[in-house]
Every structure is written in C-alpha cells, then in structure tokens.
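Colleague: Here you go, coords-v6.cif (mmCIF, N, CA and C atoms):
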data_upload
loop_
_atom_site.label_atom_id
_atom_site.label_comp_id
_atom_site.auth_asym_id
_atom_site.auth_seq_id
_atom_site.Cartn_x
_atom_site.Cartn_y
_atom_site.Cartn_z
N THR A 5 21.53 31.99 -84.50
CA THR A 5 20.84 32.08 -83.23
C THR A 5 20.16 33.44 -83.12
N PRO A 6 19.19 33.57 -82.26
CA PRO A 6 18.53 34.86 -82.08
C PRO A 6 19.49 35.97 -81.62
N PHE A 7 20.54 35.62 -80.88
CA PHE A 7 21.47 36.62 -80.37
C PHE A 7 22.26 37.27 -81.50
N VAL A 8 22.84 36.44 -82.34
CA VAL A 8 23.65 36.97 -83.44
C VAL A 8 22.75 37.68 -84.45
N GLY A 9 21.57 37.14 -84.72
CA GLY A 9 20.63 37.80 -85.62
C GLY A 9 20.26 39.18 -85.13
N LEU A 10 20.05 39.31 -83.84
CA LEU A 10 19.73 40.61 -83.25
C LEU A 10 20.89 41.58 -83.44
N LEU A 11 22.09 41.12 -83.18
CA LEU A 11 23.24 42.00 -83.31
C LEU A 11 23.40 42.46 -84.75
N VAL A 12 23.24 41.56 -85.70
CA VAL A 12 23.34 41.94 -87.11
C VAL A 12 22.29 43.00 -87.44
N LYS A 13 21.08 42.83 -86.92
CA LYS A 13 20.01 43.81 -87.15
C LYS A 13 20.38 45.17 -86.56
N LEU A 14 20.92 45.17 -85.36
CA LEU A 14 21.29 46.43 -84.71
C LEU A 14 22.43 47.13 -85.43
N LEU A 15 23.29 46.36 -86.08
CA LEU A 15 24.43 46.93 -86.77
C LEU A 15 24.13 47.31 -88.21
N SER A 16 22.92 47.06 -88.65
CA SER A 16 22.54 47.42 -90.01
C SER A 16 22.51 48.95 -90.14
N PRO A 17 22.48 49.47 -91.39
CA PRO A 17 22.46 50.92 -91.56
C PRO A 17 21.31 51.61 -90.83
N GLN A 18 20.20 50.92 -90.61
CA GLN A 18 19.07 51.51 -89.89
C GLN A 18 19.16 51.28 -88.39
N GLY A 19 20.19 50.57 -87.95
CA GLY A 19 20.30 50.18 -86.54
C GLY A 19 20.76 51.31 -85.64
N VAL A 20 21.47 50.95 -84.59
CA VAL A 20 21.89 51.87 -83.54
C VAL A 20 22.94 52.84 -84.07
N LYS A 21 22.78 54.11 -83.76
CA LYS A 21 23.74 55.14 -84.14
C LYS A 21 24.30 55.77 -82.87
N GLY A 22 25.60 56.09 -82.88
CA GLY A 22 26.21 56.77 -81.74
C GLY A 22 26.42 55.85 -80.56
N GLN A 23 26.82 56.42 -79.44
CA GLN A 23 27.04 55.67 -78.21
C GLN A 23 25.75 55.64 -77.39
N LEU A 24 25.31 54.47 -77.03
CA LEU A 24 24.13 54.34 -76.18
C LEU A 24 24.55 53.83 -74.82
N THR A 25 23.84 54.28 -73.79
CA THR A 25 24.05 53.71 -72.47
C THR A 25 23.48 52.30 -72.47
N TYR A 26 23.82 51.54 -71.45
CA TYR A 26 23.28 50.18 -71.34
C TYR A 26 21.75 50.22 -71.31
N GLN A 27 21.18 51.17 -70.57
CA GLN A 27 19.73 51.26 -70.46
C GLN A 27 19.10 51.59 -71.82
N GLU A 28 19.69 52.51 -72.56
CA GLU A 28 19.16 52.86 -73.88
C GLU A 28 19.26 51.66 -74.83
N PHE A 29 20.40 50.99 -74.79
CA PHE A 29 20.61 49.83 -75.64
C PHE A 29 19.60 48.73 -75.30
N SER A 30 19.37 48.52 -74.00
CA SER A 30 18.38 47.52 -73.56
C SER A 30 17.00 47.84 -74.11
N ARG A 31 16.64 49.11 -74.06
CA ARG A 31 15.32 49.52 -74.57
C ARG A 31 15.21 49.25 -76.07
N VAL A 32 16.27 49.55 -76.82
CA VAL A 32 16.27 49.28 -78.26
C VAL A 32 16.06 47.79 -78.51
N ILE A 33 16.74 46.97 -77.72
CA ILE A 33 16.59 45.52 -77.90
C ILE A 33 15.17 45.08 -77.56
N TYR A 34 14.67 45.48 -76.42
CA TYR A 34 13.32 45.07 -76.03
C TYR A 34 12.28 45.49 -77.07
N ASP A 35 12.51 46.61 -77.72
CA ASP A 35 11.57 47.10 -78.72
C ASP A 35 11.70 46.42 -80.07
N ASN A 36 12.78 45.64 -80.27
CA ASN A 36 13.06 45.10 -81.60
C ASN A 36 13.24 43.58 -81.67
N VAL A 37 13.03 42.87 -80.60
CA VAL A 37 13.28 41.42 -80.65
C VAL A 37 11.99 40.63 -80.74
N SER A 38 12.16 39.42 -81.25
CA SER A 38 11.03 38.49 -81.30
C SER A 38 10.93 37.74 -79.97
N SER A 39 9.87 37.02 -79.81
CA SER A 39 9.71 36.22 -78.60
C SER A 39 10.77 35.14 -78.51
N GLN A 40 11.32 34.72 -79.65
CA GLN A 40 12.37 33.69 -79.65
C GLN A 40 13.61 34.16 -78.89
N PHE A 41 13.92 35.44 -78.97
CA PHE A 41 15.06 35.97 -78.23
C PHE A 41 14.83 35.80 -76.73
N HIS A 42 13.64 36.14 -76.27
CA HIS A 42 13.33 35.99 -74.84
C HIS A 42 13.36 34.53 -74.41
N ILE A 43 12.85 33.65 -75.24
CA ILE A 43 12.87 32.22 -74.94
C ILE A 43 14.31 31.72 -74.85
N SER A 44 15.14 32.15 -75.79
CA SER A 44 16.55 31.74 -75.77
C SER A 44 17.25 32.24 -74.51
N CYS A 45 16.96 33.47 -74.11
CA CYS A 45 17.55 34.02 -72.89
C CYS A 45 17.08 33.25 -71.65
N GLU A 46 15.81 32.89 -71.62
CA GLU A 46 15.30 32.09 -70.50
C GLU A 46 16.00 30.74 -70.44
N ASN A 47 16.23 30.15 -71.59
CA ASN A 47 16.92 28.85 -71.63
C ASN A 47 18.36 28.97 -71.16
N THR A 48 19.05 30.03 -71.55
CA THR A 48 20.43 30.19 -71.08
C THR A 48 20.46 30.48 -69.58
N GLU A 49 19.46 31.19 -69.09
CA GLU A 49 19.39 31.46 -67.65
C GLU A 49 19.21 30.15 -66.87
N LYS A 50 18.34 29.28 -67.37
CA LYS A 50 18.14 27.99 -66.71
C LYS A 50 19.41 27.15 -66.72
N LYS A 51 20.15 27.22 -67.81
CA LYS A 51 21.34 26.38 -67.95
C LYS A 51 22.56 26.95 -67.25
N PHE A 52 22.74 28.29 -67.31
CA PHE A 52 23.98 28.89 -66.82
C PHE A 52 23.81 29.82 -65.62
N GLY A 53 22.59 30.04 -65.16
CA GLY A 53 22.37 30.91 -64.01
C GLY A 53 21.73 32.23 -64.39
N GLU A 54 21.21 32.91 -63.38
CA GLU A 54 20.42 34.13 -63.59
C GLU A 54 21.14 35.19 -64.41
N MET A 55 22.40 35.45 -64.11
CA MET A 55 23.11 36.52 -64.80
C MET A 55 23.46 36.18 -66.25
N ALA A 56 23.30 34.92 -66.63
CA ALA A 56 23.54 34.53 -68.03
C ALA A 56 22.26 34.66 -68.85
N GLY A 57 21.20 35.16 -68.24
CA GLY A 57 19.93 35.36 -68.92
C GLY A 57 19.92 36.65 -69.71
N ILE A 58 18.76 37.25 -69.81
CA ILE A 58 18.59 38.40 -70.71
C ILE A 58 19.47 39.60 -70.33
N ARG A 59 19.60 39.88 -69.05
CA ARG A 59 20.42 41.04 -68.66
C ARG A 59 21.88 40.83 -69.03
N GLY A 60 22.39 39.65 -68.76
CA GLY A 60 23.79 39.36 -69.11
C GLY A 60 24.00 39.32 -70.62
N CYS A 61 23.06 38.74 -71.34
CA CYS A 61 23.16 38.68 -72.80
C CYS A 61 23.15 40.08 -73.40
N ILE A 62 22.26 40.92 -72.93
CA ILE A 62 22.20 42.29 -73.44
C ILE A 62 23.49 43.03 -73.10
N TYR A 63 24.01 42.83 -71.90
CA TYR A 63 25.28 43.46 -71.53
C TYR A 63 26.39 43.06 -72.50
N CYS A 64 26.48 41.76 -72.82
CA CYS A 64 27.54 41.28 -73.70
C CYS A 64 27.38 41.81 -75.12
N LEU A 65 26.15 41.95 -75.59
CA LEU A 65 25.91 42.53 -76.91
C LEU A 65 26.26 44.02 -76.90
N TRP A 66 25.91 44.71 -75.83
CA TRP A 66 26.22 46.14 -75.68
C TRP A 66 27.74 46.36 -75.67
N VAL A 67 28.45 45.53 -74.91
CA VAL A 67 29.91 45.63 -74.84
C VAL A 67 30.51 45.39 -76.22
N ALA A 68 29.95 44.45 -76.98
CA ALA A 68 30.45 44.19 -78.34
C ALA A 68 30.21 45.38 -79.25
N CYS A 69 29.03 45.96 -79.16
CA CYS A 69 28.70 47.10 -80.03
C CYS A 69 29.57 48.31 -79.74
N PHE A 70 29.83 48.59 -78.48
CA PHE A 70 30.49 49.83 -78.12
C PHE A 70 31.90 49.67 -77.56
N GLY A 71 32.39 48.43 -77.51
CA GLY A 71 33.75 48.20 -77.03
C GLY A 71 34.70 47.70 -78.10
N THR A 72 34.15 47.13 -79.18
CA THR A 72 34.99 46.61 -80.25
C THR A 72 35.77 47.76 -80.89
N GLY A 73 37.08 47.55 -81.03
CA GLY A 73 37.94 48.59 -81.59
C GLY A 73 38.53 49.49 -80.52
N LYS A 74 38.01 49.42 -79.32
CA LYS A 74 38.54 50.22 -78.21
C LYS A 74 39.29 49.34 -77.22
N PHE A 75 38.95 48.05 -77.22
CA PHE A 75 39.56 47.07 -76.33
C PHE A 75 39.92 45.82 -77.13
N GLU A 76 40.81 45.03 -76.59
CA GLU A 76 41.12 43.73 -77.19
C GLU A 76 39.93 42.80 -77.00
N LYS A 77 39.75 41.88 -77.95
CA LYS A 77 38.64 40.93 -77.87
C LYS A 77 38.67 40.14 -76.57
N ASP A 78 39.85 39.71 -76.15
CA ASP A 78 39.96 38.91 -74.92
C ASP A 78 39.51 39.70 -73.70
N GLU A 79 39.82 40.99 -73.69
CA GLU A 79 39.41 41.83 -72.56
C GLU A 79 37.89 41.95 -72.50
N LEU A 80 37.25 42.10 -73.67
CA LEU A 80 35.78 42.18 -73.71
C LEU A 80 35.15 40.86 -73.28
N GLN A 81 35.73 39.76 -73.72
CA GLN A 81 35.21 38.45 -73.33
C GLN A 81 35.33 38.25 -71.82
N GLU A 82 36.44 38.72 -71.26
CA GLU A 82 36.63 38.64 -69.80
C GLU A 82 35.59 39.46 -69.05
N LEU A 83 35.26 40.65 -69.57
CA LEU A 83 34.21 41.47 -68.95
C LEU A 83 32.89 40.70 -68.90
N CYS A 84 32.60 39.98 -69.96
CA CYS A 84 31.35 39.22 -70.01
C CYS A 84 31.39 38.00 -69.09
N ALA A 85 32.54 37.38 -69.00
CA ALA A 85 32.68 36.23 -68.09
C ALA A 85 32.47 36.68 -66.64
N ARG A 86 32.88 37.91 -66.33
CA ARG A 86 32.73 38.43 -64.96
C ARG A 86 31.27 38.62 -64.56
N VAL A 87 30.38 38.79 -65.53
CA VAL A 87 28.96 39.00 -65.21
C VAL A 87 28.44 37.85 -64.37
N ARG A 88 28.78 36.63 -64.73
CA ARG A 88 28.30 35.47 -63.98
C ARG A 88 28.90 35.41 -62.58
N LEU A 89 30.11 35.90 -62.43
CA LEU A 89 30.79 35.82 -61.14
C LEU A 89 30.43 36.97 -60.21
N GLU A 90 30.29 38.16 -60.76
CA GLU A 90 30.08 39.37 -59.96
C GLU A 90 28.62 39.56 -59.56
N SER A 91 27.74 39.35 -60.49
CA SER A 91 26.29 39.55 -60.35
C SER A 91 25.90 40.98 -59.96
N ASP A 92 26.83 41.92 -60.07
CA ASP A 92 26.53 43.33 -59.85
C ASP A 92 26.66 44.03 -61.19
N LEU A 93 25.61 43.94 -61.97
CA LEU A 93 25.64 44.45 -63.33
C LEU A 93 25.81 45.97 -63.37
N VAL A 94 25.23 46.67 -62.40
CA VAL A 94 25.35 48.13 -62.36
C VAL A 94 26.82 48.53 -62.27
N PHE A 95 27.56 47.87 -61.39
CA PHE A 95 28.98 48.14 -61.24
C PHE A 95 29.73 47.86 -62.54
N LEU A 96 29.44 46.73 -63.18
CA LEU A 96 30.11 46.36 -64.42
C LEU A 96 29.80 47.34 -65.54
N VAL A 97 28.56 47.80 -65.62
CA VAL A 97 28.17 48.78 -66.63
C VAL A 97 28.93 50.09 -66.41
N GLU A 98 28.96 50.57 -65.18
CA GLU A 98 29.65 51.82 -64.88
C GLU A 98 31.15 51.71 -65.16
N THR A 99 31.73 50.58 -64.80
CA THR A 99 33.16 50.35 -65.04
C THR A 99 33.45 50.35 -66.54
N PHE A 100 32.61 49.66 -67.31
CA PHE A 100 32.82 49.62 -68.76
C PHE A 100 32.69 51.02 -69.36
N GLU A 101 31.68 51.77 -68.94
CA GLU A 101 31.49 53.12 -69.50
C GLU A 101 32.69 54.01 -69.22
N LEU A 102 33.25 53.94 -68.02
CA LEU A 102 34.44 54.74 -67.70
C LEU A 102 35.63 54.34 -68.55
N LYS A 103 35.86 53.03 -68.67
CA LYS A 103 36.98 52.54 -69.48
C LYS A 103 36.78 52.89 -70.95
N ARG A 104 35.56 52.75 -71.43
CA ARG A 104 35.26 53.06 -72.83
C ARG A 104 35.51 54.55 -73.11
N ASP A 105 35.03 55.41 -72.22
CA ASP A 105 35.22 56.84 -72.40
C ASP A 105 36.70 57.21 -72.39
N ASP A 106 37.47 56.59 -71.50
CA ASP A 106 38.92 56.82 -71.47
C ASP A 106 39.57 56.36 -72.77
N ALA A 107 39.15 55.22 -73.27
CA ALA A 107 39.70 54.69 -74.53
C ALA A 107 39.35 55.61 -75.70
N LEU A 108 38.13 56.14 -75.71
CA LEU A 108 37.73 57.07 -76.77
C LEU A 108 38.59 58.34 -76.74
N LYS A 109 38.81 58.88 -75.55
CA LYS A 109 39.64 60.08 -75.41
C LYS A 109 41.07 59.81 -75.88
N TYR A 110 41.59 58.65 -75.50
CA TYR A 110 42.95 58.29 -75.90
C TYR A 110 43.04 58.18 -77.42
N GLN A 111 42.07 57.51 -78.04
CA GLN A 111 42.07 57.36 -79.49
C GLN A 111 41.99 58.72 -80.18
N GLN A 112 41.18 59.60 -79.66
CA GLN A 112 41.06 60.94 -80.24
C GLN A 112 42.37 61.71 -80.12
N ASN A 113 43.01 61.62 -78.96
CA ASN A 113 44.28 62.31 -78.74
C ASN A 113 45.40 61.76 -79.62
N GLN A 114 45.33 60.48 -79.93
CA GLN A 114 46.36 59.83 -80.74
C GLN A 114 46.00 59.80 -82.23
N ASN A 115 44.86 60.41 -82.57
CA ASN A 115 44.35 60.38 -83.95
C ASN A 115 44.15 58.94 -84.43
N GLN A 116 43.65 58.10 -83.53
CA GLN A 116 43.38 56.71 -83.86
C GLN A 116 41.87 56.53 -83.92
N GLY A 117 41.47 55.29 -83.96
CA GLY A 117 40.04 55.01 -83.92
C GLY A 117 39.47 54.73 -85.29
N GLY A 118 40.13 53.82 -86.00
CA GLY A 118 39.65 53.44 -87.32
C GLY A 118 38.26 52.83 -87.27
N LYS A 119 37.69 52.70 -88.42
CA LYS A 119 36.33 52.18 -88.55
C LYS A 119 36.31 50.69 -88.17
N VAL A 120 35.36 50.32 -87.35
CA VAL A 120 35.17 48.93 -86.96
C VAL A 120 34.03 48.38 -87.81
N THR A 121 34.24 47.21 -88.38
CA THR A 121 33.21 46.63 -89.25
C THR A 121 32.15 45.90 -88.45
N ALA A 122 31.01 45.72 -89.07
CA ALA A 122 29.92 44.96 -88.44
C ALA A 122 30.38 43.52 -88.17
N GLU A 123 31.17 42.96 -89.07
CA GLU A 123 31.66 41.59 -88.89
C GLU A 123 32.53 41.48 -87.64
N GLU A 124 33.35 42.49 -87.39
CA GLU A 124 34.18 42.48 -86.18
C GLU A 124 33.31 42.53 -84.93
N LYS A 125 32.26 43.34 -84.96
CA LYS A 125 31.37 43.43 -83.81
C LYS A 125 30.60 42.14 -83.59
N VAL A 126 30.16 41.49 -84.67
CA VAL A 126 29.45 40.21 -84.54
C VAL A 126 30.39 39.15 -83.97
N SER A 127 31.60 39.11 -84.48
CA SER A 127 32.58 38.15 -83.97
C SER A 127 32.85 38.39 -82.48
N THR A 128 32.97 39.64 -82.09
CA THR A 128 33.17 39.98 -80.68
C THR A 128 31.97 39.57 -79.85
N ALA A 129 30.76 39.81 -80.38
CA ALA A 129 29.54 39.44 -79.65
C ALA A 129 29.50 37.94 -79.40
N VAL A 130 29.85 37.15 -80.41
CA VAL A 130 29.85 35.70 -80.25
C VAL A 130 30.86 35.31 -79.16
N ASN A 131 32.07 35.88 -79.22
CA ASN A 131 33.07 35.59 -78.19
C ASN A 131 32.59 36.01 -76.81
N ASN A 132 31.92 37.15 -76.73
CA ASN A 132 31.41 37.64 -75.44
C ASN A 132 30.37 36.69 -74.87
N LEU A 133 29.46 36.21 -75.70
CA LEU A 133 28.42 35.30 -75.23
C LEU A 133 29.05 33.97 -74.79
N ILE A 134 30.06 33.53 -75.50
CA ILE A 134 30.77 32.31 -75.09
C ILE A 134 31.40 32.54 -73.71
N GLY A 135 31.99 33.72 -73.50
CA GLY A 135 32.56 34.04 -72.20
C GLY A 135 31.50 34.07 -71.11
N LEU A 136 30.35 34.64 -71.42
CA LEU A 136 29.26 34.70 -70.45
C LEU A 136 28.80 33.30 -70.05
N TRP A 137 28.73 32.41 -71.03
CA TRP A 137 28.22 31.07 -70.79
C TRP A 137 29.29 30.10 -70.34
N GLY A 138 30.49 30.63 -70.07
CA GLY A 138 31.54 29.80 -69.47
C GLY A 138 32.33 28.98 -70.46
N GLY A 139 32.31 29.34 -71.75
CA GLY A 139 33.02 28.56 -72.76
C GLY A 139 34.46 28.92 -72.92
#
Let's see the structure in the file written out as structure tokens.

Modeller:
Amino acid sequence: TPFVGLLVKLLSPQGVKGQLTYQEFSRVIYDNVSSQFHISCENTEKKFGEMAGIRGCIYCLWVACFGTGKFEKDELQELCARVRLESDLVFLVETFELKRDDALKYQQNQNQGGKVTAEEKVSTAVNNLIGLWGG
C-alpha cells in the first residue's frame, strides 16, 4: 500500500534522521509522496471519518517512526485509535512528544535504548494504521 511504501522510503538510509516534530515529519511526507498516497488518504477519510484521513495517517506513521522501541506496540496502536475518538490532534501530538521525551530520558539514564530496526517500525506502522481504522 502507499502507506507502508512511504514508511519504508522514510526509513531508508537517505530517509529521516533524528527526531522530527509532527509538523516537520508532515512536511517531509508532503514533499515525498505520490498522488496515490493522497488518494488513499481521501479514501480512508471517506470510509472511516475525517481524522482517519491524511492527518491521522501521518500521525500514526510519525508515532511509529519515533515511538517504536520507546513504547509497547499496543500502546502506540491505542494512541492511533484515539485519533478517531478525540479529534484533537494537537493535544495528541503534544502528549506523545512529552511521553516520548520522558521515555528517551529514562532510556538514557538506564543505559537502554537499543537499535530499532526498520522492520520493527514498519510493523508498528501497520498496527497503528489498523488501530486508526478501527481494526
């Protein structure tokens, strides 16, 4: 699907480096996707509601990129499922950033934070999108 293809592209060696804010991540996506991605997002919005469209999809991909290895997969999927229920994406983004930063500090203090593979992030992204779409 265009969603997983995009995530694989972003996780490639030439893809996203470091921690990006949701807005920065969104800009990277808008600058790098085909029209098929937008069409797919429009179709999911029609089927599952406004928040399951492009903004929700980008949020779930962002959470997968920057939350995998810091949170359990189920917790990330739950964050994405909440997008459809809450419809306050700004609040969800801020909440995730605070939790992510706390998790990063904890991992650093505990000398944890092993390398997360691209496959783990793709798997998390798929689970997140399923959560967003109510699966």

Colleague: Show which residues sit within 6.5 Å of segment 32-45 of chain A, as a list in words. Count only N, CA and C atoms, and ignore same-chain residues fewer than 2 positions away.

Modeller: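 In the requested form, the answer reads Pro6, Phe7, Gln27, Glu28, Phe29, Ser30, Asn47, Thr48, Glu49, Lys50, Ala56, Gly57 and Ile58 of chain A.
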
Colleague: Which distance in Å separates atom C of Ala68 of chain A and atom N of Leu89 of chain A, to one decimal?

Modeller: 19.3 Å

Colleague: As a list in words, please: the residues near segment 70-75 of chain A (cut-off 7 Å, all atoms listed in the file, same-chain neighbours under 4 positions excluded).

Modeller: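 The neighbour list is Gln23, Leu65, Trp66, Glu79, Leu80, Arg104, Ala107, Leu108, Gly117, Val120, Glu124, Lys125 and Thr128 of chain A.
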
Colleague: Provide the atom C of Asp92 of chain A to atom C of Ala122 of chain A distance in Å, to one decimal place.

Modeller: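 Atom C of Asp92 of chain A sits 27.2 Å away from atom C of Ala122 of chain A.
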
Colleague: Give the alpha helix (DSSP H) residues of segment 25-130 of chain A, as assigned by DSSP on the backbone, as a PyMOL selection string.

Modeller: chain A and resi 26-36+39-52+58-71+77-90+93-113+122-130

Colleague: In Å, rounded to a single decimal, give me how far atom C of Val67 of chain A is from atom N of Leu102 of chain A.

Modeller: 12.2 Å

Colleague: Mind checking which residues fall within 6.5 Å of Cys64 of chain A, counting only N, CA and C atoms, ignoring those fewer than 2 positions away in the same chain, and posting them as a list of chain:residue names?

Modeller: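 Final neighbour list, sorted by chain and number: A:Arg59, A:Gly60, A:Cys61, A:Ile62, A:Trp66, A:Val67, A:Ala68, A:Cys69, A:Cys84, A:Ala129, A:Asn132, A:Leu133.
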
Colleague: Considering only C-alpha atoms, return as a PyMOL selection string whatever protein or nucleic-acid residues lie within 12 Å of Val94 of chain A, sequence-local ones (same chain, fewer than 3 positions apart) excluded.

Modeller: chain A and resi 25-27+59-60+63+87+90-91+97-101
